[in-house]
Amino acid sequence: VQLQASGGGLVQAGGSLRLSCTASRTIHSSVVMGWYRQAPGKERDLVATLRSGRDANYGDSVSGRFTIFRDNAKNTVYLQMNSLKPEDTAVYYCYAKVEGAAYWGQGTQVTVSS
């Protein structure tokens, strides 16, 4: 499975961005897909994951500001990011767990200026 992420960029604090991640083949809705992020000098952390299109799990720092959702017909998972803060600056990685194996996208940079 290949994951293609897009949608990163530069935004001012308080602004919004939407990330997209498209899988190279059809993935069953029960498969977990989501996003992690890694800031310079820090570990990769959970942003949000989604299973079966409805069971969402969010990292504490983004809960209430970010929303993950999925379009199964397009094999795509989205991350709507609102009320962005400078501390959200990181490389965001798309993730999928398929049949016990973890797959990662190439990462997309999100930079939030103060």
# chains A, B, ... in the order shown; residues from 1 in each chain; ligands from 1

call {"tool": "residues_around", "arguments": {"residues": "Ala39 (chain A)", "least_positions_apart": "5", "cutoff": "12 Å", "atoms": "only C-alpha atoms", "output": "PyMOL selection string"}}
result
chain A and resi 44-46+86-93+107-112

call {"tool": "residues_around", "arguments": {"residues": "Val47 (chain A)", "least_positions_apart": "3", "cutoff": "10 Å", "atoms": "only C-alpha atoms", "output": "list in words"}}
result
Gly34, Trp35, Tyr36, Arg37, Gln38, Arg44, Asn57, Tyr58, Gly59, Asp60, Ser61, Val62, Ser63, Phe66, Thr67, Ile68, Leu79, Asp88, Tyr92, Tyr93 and Cys94 of chain A

call {"tool": "write_last_selection", "arguments": {"atoms": "N, CA, C and O atoms", "output": "PDB file, in the first residue's frame"}}
result
ATOM      1  N   GLY A  34      -4.834   7.229   9.550  1.00  0.00           N
ATOM      2  CA  GLY A  34      -4.737   8.436  10.350  1.00  0.00           C
ATOM      3  C   GLY A  34      -3.488   9.229  10.092  1.00  0.00           C
ATOM      4  O   GLY A  34      -2.861   9.097   9.033  1.00  0.00           O
ATOM      5  N   TRP A  35      -3.167  10.052  11.087  1.00  0.00           N
ATOM      6  CA  TRP A  35      -2.052  10.986  10.971  1.00  0.00           C
ATOM      7  C   TRP A  35      -1.226  11.016  12.245  1.00  0.00           C
ATOM      8  O   TRP A  35      -1.771  10.984  13.358  1.00  0.00           O
ATOM      9  N   TYR A  36       0.078  11.096  12.047  1.00  0.00           N
ATOM     10  CA  TYR A  36       1.022  11.381  13.102  1.00  0.00           C
ATOM     11  C   TYR A  36       1.828  12.602  12.674  1.00  0.00           C
ATOM     12  O   TYR A  36       1.817  12.980  11.507  1.00  0.00           O
ATOM     13  N   ARG A  37       2.523  13.199  13.622  1.00  0.00           N
ATOM     14  CA  ARG A  37       3.375  14.337  13.269  1.00  0.00           C
ATOM     15  C   ARG A  37       4.672  14.291  14.050  1.00  0.00           C
ATOM     16  O   ARG A  37       4.745  13.707  15.136  1.00  0.00           O
ATOM     17  N   GLN A  38       5.676  14.927  13.461  1.00  0.00           N
ATOM     18  CA  GLN A  38       6.989  14.977  14.096  1.00  0.00           C
ATOM     19  C   GLN A  38       7.576  16.362  13.929  1.00  0.00           C
ATOM     20  O   GLN A  38       7.804  16.820  12.802  1.00  0.00           O
ATOM     21  N   ARG A  44       7.806  11.158  16.980  1.00  0.00           N
ATOM     22  CA  ARG A  44       6.584  11.169  16.195  1.00  0.00           C
ATOM     23  C   ARG A  44       5.402  10.891  17.122  1.00  0.00           C
ATOM     24  O   ARG A  44       5.399   9.899  17.859  1.00  0.00           O
ATOM     25  N   ASN A  57      -9.835   8.728  17.181  1.00  0.00           N
ATOM     26  CA  ASN A  57      -8.999   8.897  18.353  1.00  0.00           C
ATOM     27  C   ASN A  57      -8.069  10.074  18.086  1.00  0.00           C
ATOM     28  O   ASN A  57      -7.406  10.117  17.053  1.00  0.00           O
ATOM     29  N   TYR A  58      -8.019  11.034  19.025  1.00  0.00           N
ATOM     30  CA  TYR A  58      -7.233  12.246  18.829  1.00  0.00           C
ATOM     31  C   TYR A  58      -6.160  12.386  19.905  1.00  0.00           C
ATOM     32  O   TYR A  58      -6.377  12.012  21.073  1.00  0.00           O
ATOM     33  N   GLY A  59      -5.051  12.985  19.501  1.00  0.00           N
ATOM     34  CA  GLY A  59      -4.056  13.372  20.484  1.00  0.00           C
ATOM     35  C   GLY A  59      -4.610  14.491  21.354  1.00  0.00           C
ATOM     36  O   GLY A  59      -5.420  15.302  20.897  1.00  0.00           O
ATOM     37  N   ASP A  60      -4.160  14.550  22.593  1.00  0.00           N
ATOM     38  CA  ASP A  60      -4.700  15.531  23.542  1.00  0.00           C
ATOM     39  C   ASP A  60      -4.530  16.966  23.049  1.00  0.00           C
ATOM     40  O   ASP A  60      -5.401  17.815  23.258  1.00  0.00           O
ATOM     41  N   SER A  61      -3.431  17.243  22.388  1.00  0.00           N
ATOM     42  CA  SER A  61      -3.130  18.622  22.004  1.00  0.00           C
ATOM     43  C   SER A  61      -3.970  19.126  20.835  1.00  0.00           C
ATOM     44  O   SER A  61      -4.000  20.330  20.575  1.00  0.00           O
ATOM     45  N   VAL A  62      -4.642  18.223  20.126  1.00  0.00           N
ATOM     46  CA  VAL A  62      -5.415  18.646  18.953  1.00  0.00           C
ATOM     47  C   VAL A  62      -6.914  18.425  19.122  1.00  0.00           C
ATOM     48  O   VAL A  62      -7.713  18.891  18.298  1.00  0.00           O
ATOM     49  N   SER A  63      -7.288  17.717  20.158  1.00  0.00           N
ATOM     50  CA  SER A  63      -8.706  17.411  20.371  1.00  0.00           C
ATOM     51  C   SER A  63      -9.515  18.695  20.458  1.00  0.00           C
ATOM     52  O   SER A  63      -9.142  19.636  21.163  1.00  0.00           O
ATOM     53  N   PHE A  66      -8.990  19.688  15.627  1.00  0.00           N
ATOM     54  CA  PHE A  66      -8.785  18.901  14.408  1.00  0.00           C
ATOM     55  C   PHE A  66      -9.907  17.877  14.268  1.00  0.00           C
ATOM     56  O   PHE A  66     -10.416  17.357  15.273  1.00  0.00           O
ATOM     57  N   THR A  67     -10.232  17.577  13.006  1.00  0.00           N
ATOM     58  CA  THR A  67     -11.245  16.555  12.724  1.00  0.00           C
ATOM     59  C   THR A  67     -10.730  15.629  11.640  1.00  0.00           C
ATOM     60  O   THR A  67     -10.265  16.097  10.590  1.00  0.00           O
ATOM     61  N   ILE A  68     -10.820  14.337  11.878  1.00  0.00           N
ATOM     62  CA  ILE A  68     -10.422  13.353  10.877  1.00  0.00           C
ATOM     63  C   ILE A  68     -11.677  12.735  10.284  1.00  0.00           C
ATOM     64  O   ILE A  68     -12.636  12.442  10.999  1.00  0.00           O
ATOM     65  N   LEU A  79      -7.640  15.322   7.161  1.00  0.00           N
ATOM     66  CA  LEU A  79      -7.461  15.912   8.480  1.00  0.00           C
ATOM     67  C   LEU A  79      -7.753  17.401   8.350  1.00  0.00           C
ATOM     68  O   LEU A  79      -6.978  18.143   7.729  1.00  0.00           O
ATOM     69  N   ASP A  88       1.761  23.548  16.432  1.00  0.00           N
ATOM     70  CA  ASP A  88       1.312  22.509  15.498  1.00  0.00           C
ATOM     71  C   ASP A  88       2.297  22.333  14.341  1.00  0.00           C
ATOM     72  O   ASP A  88       2.138  21.425  13.519  1.00  0.00           O
ATOM     73  N   TYR A  92       3.768  16.184   8.950  1.00  0.00           N
ATOM     74  CA  TYR A  92       2.611  15.324   9.208  1.00  0.00           C
ATOM     75  C   TYR A  92       2.695  14.099   8.302  1.00  0.00           C
ATOM     76  O   TYR A  92       2.851  14.224   7.081  1.00  0.00           O
ATOM     77  N   TYR A  93       2.567  12.929   8.918  1.00  0.00           N
ATOM     78  CA  TYR A  93       2.680  11.670   8.197  1.00  0.00           C
ATOM     79  C   TYR A  93       1.346  10.934   8.202  1.00  0.00           C
ATOM     80  O   TYR A  93       0.738  10.738   9.267  1.00  0.00           O
ATOM     81  N   CYS A  94       0.960  10.522   7.028  1.00  0.00           N
ATOM     82  CA  CYS A  94      -0.224   9.680   6.897  1.00  0.00           C
ATOM     83  C   CYS A  94       0.145   8.248   7.299  1.00  0.00           C
ATOM     84  O   CYS A  94       1.279   7.799   7.067  1.00  0.00           O
TER      85      CYS A  94
END

call {"tool": "closest_atom_pairs", "arguments": {"of": "region 60-111 of chain A", "to": "region 17-21 of chain A", "cutoff": "8 Å", "atoms": "only C-alpha atoms", "output": "JSON lines"}}
result
{"residue": "A:Thr76", "atom": "CA", "partner": "A:Cys21", "partner_atom": "CA", "distance": 5.3}
{"residue": "A:Val77", "atom": "CA", "partner": "A:Cys21", "partner_atom": "CA", "distance": 5.3}
{"residue": "A:Tyr78", "atom": "CA", "partner": "A:Ser20", "partner_atom": "CA", "distance": 4.6}
{"residue": "A:Leu79", "atom": "CA", "partner": "A:Leu19", "partner_atom": "CA", "distance": 5.0}
{"residue": "A:Gln80", "atom": "CA", "partner": "A:Arg18", "partner_atom": "CA", "distance": 4.5}
{"residue": "A:Met81", "atom": "CA", "partner": "A:Leu17", "partner_atom": "CA", "distance": 5.2}
{"residue": "A:Asn82", "atom": "CA", "partner": "A:Leu17", "partner_atom": "CA", "distance": 6.8}
{"residue": "A:Cys94", "atom": "CA", "partner": "A:Cys21", "partner_atom": "CA", "distance": 6.2}
{"residue": "A:Gly105", "atom": "CA", "partner": "A:Cys21", "partner_atom": "CA", "distance": 7.8}

call {"tool": "closest_residue", "arguments": {"among": "A:Ala102, A:Leu50, A:Val32, A:Ala23", "to": "Leu3 (chain A)", "atoms": "only C-alpha atoms"}}
result
A:Ala23

call {"tool": "atom_distance", "arguments": {"atom1": "CA of Arg65 (chain A)", "atom2": "CA of Ile27 (chain A)"}}
result
26.7 Å

call {"tool": "atom_distance", "arguments": {"atom1": "CA of Arg70 (chain A)", "atom2": "CA of Arg25 (chain A)"}}
result
14.4 Å

call {"tool": "closest_residue", "arguments": {"among": "A:Ser114, A:Asn72, A:Ser16, A:Gln2", "to": "Gly53 (chain A)", "atoms": "only C-alpha atoms"}}
result
A:Asn72

call {"tool": "closest_residue", "arguments": {"among": "A:Lys42, A:Ser83, A:Ser52, A:Tyr103", "to": "His28 (chain A)", "atoms": "only C-alpha atoms"}}
result
A:Ser52

call {"tool": "closest_residue", "arguments": {"among": "A:Val1, A:Phe69, A:Ala13, A:Arg51", "to": "Thr26 (chain A)", "atoms": "only C-alpha atoms"}}
result
A:Val1

call {"tool": "decode", "arguments": {"residues": "region 85-99 of chain A", "atoms": "all heavy atoms", "output": "mmCIF file, in the first residue's frame"}}
result
data_model
loop_
_atom_site.group_PDB
_atom_site.id
_atom_site.type_symbol
_atom_site.label_atom_id
_atom_site.label_comp_id
_atom_site.auth_asym_id
_atom_site.auth_seq_id
_atom_site.Cartn_x
_atom_site.Cartn_y
_atom_site.Cartn_z
ATOM 1 N N LYS A 85 -2.019 26.500 15.791
ATOM 2 C CA LYS A 85 -1.094 27.176 16.694
ATOM 3 C C LYS A 85 0.326 26.946 16.217
ATOM 4 O O LYS A 85 0.606 25.946 15.539
ATOM 5 C CB LYS A 85 -1.245 26.605 18.107
ATOM 6 C CG LYS A 85 -2.650 26.663 18.671
ATOM 7 C CD LYS A 85 -2.714 25.973 20.024
ATOM 8 C CE LYS A 85 -4.119 26.008 20.598
ATOM 9 N NZ LYS A 85 -4.188 25.321 21.918
ATOM 10 N N PRO A 86 1.252 27.830 16.582
ATOM 11 C CA PRO A 86 2.653 27.612 16.191
ATOM 12 C C PRO A 86 3.185 26.252 16.622
ATOM 13 O O PRO A 86 3.999 25.659 15.911
ATOM 14 C CB PRO A 86 3.385 28.759 16.893
ATOM 15 C CG PRO A 86 2.371 29.852 16.966
ATOM 16 C CD PRO A 86 1.058 29.148 17.218
ATOM 17 N N GLU A 87 2.715 25.739 17.744
ATOM 18 C CA GLU A 87 3.188 24.434 18.215
ATOM 19 C C GLU A 87 2.652 23.271 17.385
ATOM 20 O O GLU A 87 3.053 22.127 17.591
ATOM 21 C CB GLU A 87 2.832 24.227 19.693
ATOM 22 C CG GLU A 87 1.391 24.505 20.038
ATOM 23 C CD GLU A 87 1.185 25.895 20.593
ATOM 24 O OE1 GLU A 87 1.747 26.862 20.009
ATOM 25 O OE2 GLU A 87 0.438 26.037 21.583
ATOM 26 N N ASP A 88 1.761 23.548 16.432
ATOM 27 C CA ASP A 88 1.312 22.509 15.498
ATOM 28 C C ASP A 88 2.297 22.333 14.341
ATOM 29 O O ASP A 88 2.138 21.425 13.519
ATOM 30 C CB ASP A 88 -0.062 22.866 14.922
ATOM 31 C CG ASP A 88 -1.161 22.843 15.970
ATOM 32 O OD1 ASP A 88 -1.159 21.916 16.811
ATOM 33 O OD2 ASP A 88 -2.008 23.754 15.950
ATOM 34 N N THR A 89 3.300 23.191 14.275
ATOM 35 C CA THR A 89 4.309 23.089 13.218
ATOM 36 C C THR A 89 5.042 21.766 13.309
ATOM 37 O O THR A 89 5.594 21.413 14.361
ATOM 38 C CB THR A 89 5.306 24.259 13.322
ATOM 39 O OG1 THR A 89 4.618 25.483 13.080
ATOM 40 C CG2 THR A 89 6.443 24.092 12.332
ATOM 41 N N ALA A 90 5.034 21.019 12.209
ATOM 42 C CA ALA A 90 5.646 19.692 12.181
ATOM 43 C C ALA A 90 5.512 19.124 10.771
ATOM 44 O O ALA A 90 4.808 19.689 9.927
ATOM 45 C CB ALA A 90 4.950 18.757 13.174
ATOM 46 N N VAL A 91 6.173 17.998 10.562
ATOM 47 C CA VAL A 91 5.903 17.191 9.374
ATOM 48 C C VAL A 91 4.797 16.211 9.741
ATOM 49 O O VAL A 91 4.917 15.496 10.754
ATOM 50 C CB VAL A 91 7.155 16.447 8.892
ATOM 51 C CG1 VAL A 91 6.813 15.561 7.702
ATOM 52 C CG2 VAL A 91 8.254 17.421 8.531
ATOM 53 N N TYR A 92 3.768 16.184 8.950
ATOM 54 C CA TYR A 92 2.611 15.324 9.208
ATOM 55 C C TYR A 92 2.695 14.099 8.302
ATOM 56 O O TYR A 92 2.851 14.224 7.081
ATOM 57 C CB TYR A 92 1.328 16.099 8.962
ATOM 58 C CG TYR A 92 1.006 17.057 10.079
ATOM 59 C CD1 TYR A 92 1.802 18.179 10.298
ATOM 60 C CD2 TYR A 92 -0.068 16.842 10.933
ATOM 61 C CE1 TYR A 92 1.531 19.061 11.340
ATOM 62 C CE2 TYR A 92 -0.356 17.709 11.971
ATOM 63 C CZ TYR A 92 0.450 18.813 12.171
ATOM 64 O OH TYR A 92 0.181 19.686 13.203
ATOM 65 N N TYR A 93 2.567 12.929 8.918
ATOM 66 C CA TYR A 93 2.680 11.670 8.197
ATOM 67 C C TYR A 93 1.346 10.934 8.202
ATOM 68 O O TYR A 93 0.738 10.738 9.267
ATOM 69 C CB TYR A 93 3.739 10.780 8.839
ATOM 70 C CG TYR A 93 5.138 11.317 8.747
ATOM 71 C CD1 TYR A 93 5.678 12.100 9.760
ATOM 72 C CD2 TYR A 93 5.931 11.042 7.630
ATOM 73 C CE1 TYR A 93 6.970 12.607 9.667
ATOM 74 C CE2 TYR A 93 7.225 11.540 7.529
ATOM 75 C CZ TYR A 93 7.730 12.328 8.551
ATOM 76 O OH TYR A 93 9.009 12.809 8.453
ATOM 77 N N CYS A 94 0.960 10.522 7.028
ATOM 78 C CA CYS A 94 -0.224 9.680 6.897
ATOM 79 C C CYS A 94 0.145 8.248 7.299
ATOM 80 O O CYS A 94 1.279 7.799 7.067
ATOM 81 C CB CYS A 94 -0.691 9.719 5.452
ATOM 82 S SG CYS A 94 -2.139 8.729 5.112
ATOM 83 N N TYR A 95 -0.823 7.548 7.849
ATOM 84 C CA TYR A 95 -0.573 6.217 8.396
ATOM 85 C C TYR A 95 -1.743 5.300 8.085
ATOM 86 O O TYR A 95 -2.899 5.733 8.086
ATOM 87 C CB TYR A 95 -0.393 6.358 9.913
ATOM 88 C CG TYR A 95 -0.505 5.083 10.706
ATOM 89 C CD1 TYR A 95 0.597 4.258 10.866
ATOM 90 C CD2 TYR A 95 -1.710 4.719 11.320
ATOM 91 C CE1 TYR A 95 0.504 3.101 11.622
ATOM 92 C CE2 TYR A 95 -1.806 3.563 12.064
ATOM 93 C CZ TYR A 95 -0.694 2.762 12.216
ATOM 94 O OH TYR A 95 -0.781 1.605 12.955
ATOM 95 N N ALA A 96 -1.423 4.041 7.814
ATOM 96 C CA ALA A 96 -2.467 3.031 7.682
ATOM 97 C C ALA A 96 -1.936 1.718 8.237
ATOM 98 O O ALA A 96 -0.754 1.401 8.069
ATOM 99 C CB ALA A 96 -2.886 2.858 6.226
ATOM 100 N N LYS A 97 -2.813 0.976 8.884
ATOM 101 C CA LYS A 97 -2.448 -0.349 9.372
ATOM 102 C C LYS A 97 -3.316 -1.351 8.651
ATOM 103 O O LYS A 97 -4.537 -1.403 8.844
ATOM 104 C CB LYS A 97 -2.635 -0.448 10.882
ATOM 105 C CG LYS A 97 -2.051 -1.721 11.477
ATOM 106 C CD LYS A 97 -2.047 -1.679 12.987
ATOM 107 C CE LYS A 97 -1.353 -2.895 13.568
ATOM 108 N NZ LYS A 97 -1.321 -2.855 15.050
ATOM 109 N N VAL A 98 -2.680 -2.147 7.810
ATOM 110 C CA VAL A 98 -3.384 -3.084 6.952
ATOM 111 C C VAL A 98 -2.865 -4.485 7.210
ATOM 112 O O VAL A 98 -1.665 -4.742 7.027
ATOM 113 C CB VAL A 98 -3.199 -2.719 5.461
ATOM 114 C CG1 VAL A 98 -3.984 -3.674 4.568
ATOM 115 C CG2 VAL A 98 -3.603 -1.275 5.199
ATOM 116 N N GLU A 99 -3.756 -5.364 7.670
ATOM 117 C CA GLU A 99 -3.401 -6.763 7.926
ATOM 118 C C GLU A 99 -2.166 -6.862 8.815
ATOM 119 O O GLU A 99 -1.256 -7.652 8.561
ATOM 120 C CB GLU A 99 -3.181 -7.508 6.605
ATOM 121 C CG GLU A 99 -4.440 -7.547 5.745
ATOM 122 C CD GLU A 99 -4.205 -8.199 4.390
ATOM 123 O OE1 GLU A 99 -3.038 -8.457 4.043
ATOM 124 O OE2 GLU A 99 -5.197 -8.448 3.684
#
